[in-house]
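Structure data follow from data.txt (compact mmCIF, C-alpha atoms):
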# COMPACT_ATOMS: atom_id res chain seq x y z
CA ILE D 23 139.19 115.90 64.98
CA ALA D 24 141.54 112.94 64.74
CA THR D 25 138.63 110.52 64.73
CA SER D 26 136.69 112.44 62.07
CA VAL D 27 139.65 112.44 59.66
CA ARG D 28 140.71 108.91 60.64
CA ALA D 29 144.20 109.90 61.71
CA SER D 30 146.09 109.63 64.95
CA LYS D 31 146.62 112.63 67.20
CA ALA D 32 150.36 112.18 66.69
CA THR D 33 149.93 112.53 62.92
CA LEU D 34 147.88 115.70 63.33
CA TYR D 35 150.37 117.28 65.72
CA ARG D 36 153.28 116.29 63.45
CA GLN D 37 151.55 117.79 60.40
CA PHE D 38 150.09 120.96 61.96
CA GLY D 39 152.03 121.50 65.20
CA ASN D 40 148.98 122.22 67.35
CA LYS D 41 145.26 123.00 67.16
CA GLU D 42 145.92 126.55 66.01
CA GLY D 43 148.06 125.20 63.16
CA LEU D 44 145.24 122.91 62.07
CA PHE D 45 142.74 125.76 62.36
CA ARG D 46 145.00 128.04 60.29
CA TYR D 47 145.35 125.35 57.63
CA ALA D 48 141.56 124.93 57.37
CA VAL D 49 140.94 128.68 57.11
CA GLN D 50 143.77 129.16 54.61
CA ARG D 51 142.13 126.51 52.42
CA GLU D 52 138.93 128.58 52.43
CA ILE D 53 140.92 131.72 51.62
CA ALA D 54 142.55 129.92 48.68
CA ALA D 55 139.13 128.73 47.47
CA ALA D 56 137.77 132.28 47.67
CA SER D 57 140.75 133.54 45.69
CA ARG D 58 139.78 131.25 42.80
CA THR D 59 136.18 132.48 42.62
CA LYS D 60 135.11 133.57 39.16
CA PHE D 61 132.18 135.83 38.44
CA ALA D 62 130.32 135.78 35.12
CA VAL D 63 131.20 139.18 33.71
CA ALA D 64 129.50 140.09 30.46
CA ALA D 65 128.88 143.46 28.90
CA SER D 66 125.38 142.69 27.72
CA GLY D 67 122.47 145.05 28.08
CA THR D 68 122.91 148.30 29.91
CA MET D 69 125.72 148.95 32.34
CA ASP D 70 123.14 149.16 35.14
CA GLU D 71 121.87 145.67 34.26
CA ALA D 72 125.39 144.25 34.11
CA VAL D 73 126.40 145.76 37.46
CA THR D 74 123.12 144.54 38.97
CA SER D 75 123.94 141.04 37.74
CA LEU D 76 127.41 141.23 39.30
CA ALA D 77 125.93 142.52 42.56
CA ARG D 78 123.49 139.59 42.58
CA GLN D 79 126.33 137.11 42.07
CA ALA D 80 128.23 138.75 44.93
CA LEU D 81 125.17 138.58 47.19
CA ASP D 82 124.60 134.90 46.39
CA TRP D 83 128.30 134.21 47.05
CA HIS D 84 128.07 136.06 50.34
CA LEU D 85 124.91 134.22 51.43
CA ALA D 86 126.37 130.78 50.72
CA PRO D 87 126.21 128.69 53.90
CA THR D 88 129.98 128.07 53.90
CA ASN D 89 130.67 131.81 53.78
CA ILE D 90 128.19 132.62 56.54
CA GLN D 91 129.73 129.88 58.71
CA MET D 92 133.27 131.09 57.94
CA HIS D 93 132.42 134.67 58.88
CA ARG D 94 130.82 133.57 62.13
CA LEU D 95 133.82 131.38 62.94
CA LEU D 96 136.32 134.13 62.16
CA ILE D 97 134.41 136.61 64.30
CA GLN D 98 134.35 134.10 67.15
CA GLU D 99 138.08 133.38 66.80
CA SER D 100 139.16 136.94 65.92
CA GLU D 101 141.53 137.20 68.87
CA LEU D 102 143.30 133.99 67.88
CA VAL D 103 143.64 134.67 64.14
CA PRO D 104 142.97 138.33 63.30
CA ASP D 105 145.31 138.06 60.32
CA LEU D 106 143.26 135.27 58.75
CA ALA D 107 140.02 137.18 59.24
CA ARG D 108 141.54 140.16 57.38
CA ASP D 109 142.97 137.90 54.67
CA TYR D 110 139.62 136.18 54.14
CA HIS D 111 137.80 139.48 53.81
CA ASP D 112 140.50 141.07 51.63
CA VAL D 113 140.63 138.19 49.16
CA ARG D 114 136.86 138.29 48.75
CA VAL D 115 136.94 142.04 48.15
CA ALA D 116 139.78 141.58 45.64
CA ARG D 117 137.95 138.86 43.65
CA LEU D 118 134.80 140.95 43.37
CA GLY D 119 136.90 144.04 42.65
CA SER D 120 138.63 142.34 39.73
CA ALA D 121 135.27 141.41 38.23
CA LEU D 122 133.95 144.94 38.77
CA CYS D 123 137.01 146.48 37.08
CA GLU D 124 136.67 144.10 34.14
CA LEU D 125 132.97 144.87 33.79
CA LEU D 126 133.33 148.65 33.96
CA ALA D 127 136.22 148.56 31.50
CA ALA D 128 133.97 146.68 29.05
CA TYR D 129 131.63 149.69 29.19
CA GLY D 130 134.48 152.16 28.71
CA GLN D 131 134.30 153.37 32.30
CA PRO D 132 137.31 154.23 34.44
CA VAL D 133 138.71 151.60 36.75
CA PRO D 134 137.40 152.15 40.28
CA ASN D 135 139.89 152.85 43.05
CA GLU D 136 140.26 150.70 46.18
CA THR D 137 137.72 152.76 48.11
CA ALA D 138 135.10 152.39 45.37
CA ILE D 139 135.77 148.64 45.14
CA ARG D 140 135.31 148.24 48.90
CA ALA D 141 132.14 150.34 48.73
CA PHE D 142 130.74 148.10 45.99
CA TYR D 143 131.59 145.01 48.03
CA ALA D 144 129.83 146.45 51.09
CA LEU D 145 126.79 147.45 49.03
CA ALA D 146 126.53 144.17 47.14
CA THR D 147 126.98 141.93 50.18
CA PHE D 148 125.25 144.23 52.67
CA ALA D 149 128.38 143.83 54.81
CA VAL D 150 127.59 141.67 57.83
CA ARG D 151 123.84 142.28 57.88
CA PHE D 152 122.93 138.70 56.98
CA LEU D 153 125.36 136.89 59.28
CA THR D 154 122.89 136.81 62.16
CA LEU D 155 119.73 135.92 60.23
CA HIS D 156 118.27 132.44 60.26
CA VAL D 157 116.12 133.06 57.19
CA LEU D 158 118.00 134.51 54.24
CA PRO D 159 116.43 136.68 51.52
CA ASP D 160 114.57 134.81 48.78
CA ASP D 161 115.28 135.25 45.07
CA ALA D 162 112.91 138.20 44.63
CA GLN D 163 114.42 140.00 47.62
CA ARG D 164 117.95 139.28 46.35
CA ASP D 165 117.04 140.73 42.95
CA LEU D 166 115.67 143.87 44.57
CA LEU D 167 118.68 144.27 46.88
CA SER D 168 121.12 143.77 44.00
CA CYS D 169 119.33 146.33 41.83
CA GLU D 170 119.43 148.81 44.70
CA SER D 171 123.14 148.12 45.27
CA ALA D 172 124.00 148.70 41.61
CA ARG D 173 121.93 151.90 41.50
CA LEU D 174 123.60 153.28 44.61
CA PHE D 175 127.06 152.37 43.34
CA LEU D 176 126.58 153.80 39.85
CA HIS D 177 124.36 156.79 40.60
CA GLY D 178 124.64 157.56 44.30
CA VAL D 179 121.68 158.54 46.40
CA ARG D 180 120.13 161.00 43.98
CA PRO D 181 116.63 160.04 42.87
CA GLY D 182 116.12 158.30 39.55
CA PRO D 183 114.49 160.06 36.58
CA GLU D 184 111.04 158.75 37.51
CA ALA D 185 111.24 160.52 40.89
CA ARG D 186 112.39 163.88 39.47
CA THR D 187 109.15 164.89 37.77

What is this structure when it is put down as C-alpha cells?
Amino acid sequence: IATSVRASKATLYRQFGNKEGLFRYAVQREIAAASRTKFAVAASGTMDEAVTSLARQALDWHLAPTNIQMHRLLIQESELVPDLARDYHDVRVARLGSALCELLAAYGQPVPNETAIRAFYALATFAVRFLTLHVLPDDAQRDLLSCESARLFLHGVRPGPEART
C-alpha cells in the first residue's frame, strides 16, 4: 500500500493508525461518494414510465464495477467492519429513497414509508443477485428488469390489464 501511494509506512501509520484505519478511511470515502449520488428525477410521461426510469438508473448504479467490488469486499470483511457494510447499504437505500419520494410527490402520490423504500431498492437492484455474476445483464435485459421492478412496486403481483381478459 505504501509503495502504491508513494508514502512511507510511518506516514500511513501516523495518518491512519493501522491497516483497519486505512481500510475504514477508504470505505468511508466510498460511502461519502454514494451519499452524493443524484438521480435524474423527472415527472414526464406516465408514473409507471418515470418509476421504470428511476429503477433503471438504480440498476445501472448497482451494476457499476466499483459498487460490485465494494459489495464483495464488504461481504468478505464483514466481521472486521460490520458497521461500514451497514452504512454503505443504508446510504445507498437513502439516496434512492429520496429520489423515489421526490418522483412520487411530483405525481401527487403519498411519500413511501421506510419499508416501501427498502422494497423498491431491493426490487430495482435485485438485491445481491448480480454480485456473483461474471456477465452482467445487457441494456435490453436491464430495461426489462427495470420495467418489471416498477410494475411490481407500483401495482404488486396482480396481473396487468392485458392478462385479465

Fewer than 6 positions away in the same chain doesn't count, so skip those; otherwise give me all residues within 8 Å of region 77-85 of chain D, counting all atoms listed in the file, as a CSV table (one decimal) with C-alpha atoms, keeping the file's coordinate frame.
chain,number,residue,atom,x,y,z
D,61,PHE,CA,132.2,135.8,38.4
D,118,LEU,CA,134.8,141.0,43.4
D,143,TYR,CA,131.6,145.0,48.0
D,146,ALA,CA,126.5,144.2,47.1
D,147,THR,CA,127.0,141.9,50.2
D,148,PHE,CA,125.2,144.2,52.7
D,152,PHE,CA,122.9,138.7,57.0
D,158,LEU,CA,118.0,134.5,54.2
D,164,ARG,CA,118.0,139.3,46.4
D,165,ASP,CA,117.0,140.7,43.0
D,167,LEU,CA,118.7,144.3,46.9
D,168,SER,CA,121.1,143.8,44.0
D,169,CYS,CA,119.3,146.3,41.8
D,171,SER,CA,123.1,148.1,45.3
D,172,ALA,CA,124.0,148.7,41.6

Among the residues D:Met69, D:Tyr47, D:His156, D:Arg151, the one that comes closest to Gly130 (chain D) [using only C-alpha atoms] =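 Once distances to Gly130 (chain D) are computed over only C-alpha atoms, the minimum belongs to D:Met69.
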
So what do you get for CA of Ala72 (chain D) versus CA of Val133 (chain D), distance-wise?
->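 It comes out at 15.4 Å.
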
In Å, how far is it from CA of Pro104 (chain D) to CA of Ala32 (chain D)?
->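 It comes out at 27.4 Å.
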
At most 12 Å from (142.0, 135.6, 56.0), file frame, only C-alpha atoms: which residues, as a ChimeraX atom specification?
-> /D:45-57,92-93,95-97,99-100,103-115

Give me, please, the distance in Å between CA of Pro87 (chain D) and CA of Leu102 (chain D), quoted to one decimal.
-> 22.7 Å

List the neighbours of Ser120 (chain D) out to 10 Å using all atoms listed in the file; skip same-chain residues closer than 3 positions along the sequence, and give me the result as JSON, numbers by chain.
-> {"D": [60, 61, 115, 116, 117, 123, 124, 125, 133, 134, 139]}

Kindly list the centre and edge lengths in Å, rounded to one decimal, for the axis-aligned box that covers all listed atoms of region 122-131 of chain D plus 5 Å on each of its six sides, as JSON.
{"center_x": 134.3, "center_y": 148.7, "center_z": 33.7, "size_x": 15.4, "size_y": 19.3, "size_z": 20.1}

Restricting the calculation to all atoms listed in the file, which member of D:Asn89, D:Ala141, D:Thr154, D:Glu42 is positioned closest to Leu176 (chain D)?
-> D:Ala141

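Comparing the minimum interatomic distances between Gly119 (chain D) and each of D:Val73, D:Thr68, D:Lys41, D:Glu136, counting all atoms listed in the file, we find that D:Glu136 sits nearest.
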
Give me the residues within 9 Å of Glu170 (chain D) as a PyMOL selection string, counting only C-alpha atoms and dropping any in the same chain fewer than 4 places off.
-> chain D and resi 74+145-146+165-166+174-175

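For the set D:Leu153, D:Leu122, D:Gln98, D:Ser30, the residue with the smallest atom-to-atom gap to Arg140 (chain D) is D:Leu122, counting all atoms listed in the file.
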
Emit region 123-183 of chain D of the structure in the block as a file comprising C-alpha atoms, as an mmCIF file, in the first residue's frame.
data_model
loop_
_atom_site.group_PDB
_atom_site.id
_atom_site.type_symbol
_atom_site.label_atom_id
_atom_site.label_comp_id
_atom_site.auth_asym_id
_atom_site.auth_seq_id
_atom_site.Cartn_x
_atom_site.Cartn_y
_atom_site.Cartn_z
ATOM 1 C CA CYS D 123 -40.070 10.232 -2.724
ATOM 2 C CA GLU D 124 -39.404 13.236 -4.964
ATOM 3 C CA LEU D 125 -40.700 11.393 -8.014
ATOM 4 C CA LEU D 126 -43.882 10.104 -6.387
ATOM 5 C CA ALA D 127 -44.595 13.533 -4.909
ATOM 6 C CA ALA D 128 -44.372 15.013 -8.422
ATOM 7 C CA TYR D 129 -47.231 12.676 -9.383
ATOM 8 C CA GLY D 130 -49.269 13.608 -6.304
ATOM 9 C CA GLN D 131 -48.670 10.245 -4.658
ATOM 10 C CA PRO D 132 -48.053 9.745 -0.946
ATOM 11 C CA VAL D 133 -44.496 9.541 0.291
ATOM 12 C CA PRO D 134 -43.493 5.894 0.742
ATOM 13 C CA ASN D 135 -42.504 4.695 4.198
ATOM 14 C CA GLU D 136 -39.116 3.161 5.032
ATOM 15 C CA THR D 137 -40.326 -0.359 4.300
ATOM 16 C CA ALA D 138 -41.606 0.634 0.851
ATOM 17 C CA ILE D 139 -38.352 2.467 0.094
ATOM 18 C CA ARG D 140 -36.304 -0.597 1.045
ATOM 19 C CA ALA D 141 -38.613 -2.782 -1.052
ATOM 20 C CA PHE D 142 -38.103 -0.516 -4.065
ATOM 21 C CA TYR D 143 -34.337 -0.624 -3.556
ATOM 22 C CA ALA D 144 -34.384 -4.432 -3.385
ATOM 23 C CA LEU D 145 -36.602 -4.671 -6.474
ATOM 24 C CA ALA D 146 -34.639 -2.140 -8.525
ATOM 25 C CA THR D 147 -31.210 -3.540 -7.689
ATOM 26 C CA PHE D 148 -32.270 -7.179 -7.437
ATOM 27 C CA ALA D 149 -30.534 -7.179 -4.038
ATOM 28 C CA VAL D 150 -27.326 -9.197 -4.244
ATOM 29 C CA ARG D 151 -28.304 -11.326 -7.234
ATOM 30 C CA PHE D 152 -25.696 -9.805 -9.556
ATOM 31 C CA LEU D 153 -22.741 -9.779 -7.160
ATOM 32 C CA THR D 154 -21.634 -13.262 -8.182
ATOM 33 C CA LEU D 155 -22.149 -12.996 -11.944
ATOM 34 C CA HIS D 156 -19.263 -12.525 -14.338
ATOM 35 C CA VAL D 157 -21.512 -11.379 -17.187
ATOM 36 C CA LEU D 158 -23.922 -8.615 -16.244
ATOM 37 C CA PRO D 159 -27.284 -8.005 -17.945
ATOM 38 C CA ASP D 160 -27.158 -6.108 -21.239
ATOM 39 C CA ASP D 161 -29.195 -2.968 -21.942
ATOM 40 C CA ALA D 162 -32.273 -4.841 -23.174
ATOM 41 C CA GLN D 163 -32.263 -7.091 -20.103
ATOM 42 C CA ARG D 164 -31.793 -4.077 -17.818
ATOM 43 C CA ASP D 165 -34.761 -2.347 -19.454
ATOM 44 C CA LEU D 166 -36.923 -5.415 -18.956
ATOM 45 C CA LEU D 167 -35.820 -5.885 -15.331
ATOM 46 C CA SER D 168 -36.427 -2.209 -14.539
ATOM 47 C CA CYS D 169 -39.899 -2.287 -16.076
ATOM 48 C CA GLU D 170 -40.721 -5.384 -14.044
ATOM 49 C CA SER D 171 -39.388 -3.744 -10.860
ATOM 50 C CA ALA D 172 -41.509 -0.623 -11.377
ATOM 51 C CA ARG D 173 -44.618 -2.693 -12.137
ATOM 52 C CA LEU D 174 -44.158 -4.815 -9.026
ATOM 53 C CA PHE D 175 -43.532 -1.759 -6.858
ATOM 54 C CA LEU D 176 -46.472 0.262 -8.163
ATOM 55 C CA HIS D 177 -49.016 -2.492 -8.786
ATOM 56 C CA GLY D 178 -47.925 -5.552 -6.835
ATOM 57 C CA VAL D 179 -48.166 -9.041 -8.229
ATOM 58 C CA ARG D 180 -51.648 -8.756 -9.694
ATOM 59 C CA PRO D 181 -51.758 -9.290 -13.455
ATOM 60 C CA GLY D 182 -51.844 -6.301 -15.769
ATOM 61 C CA PRO D 183 -54.974 -5.379 -17.758
#
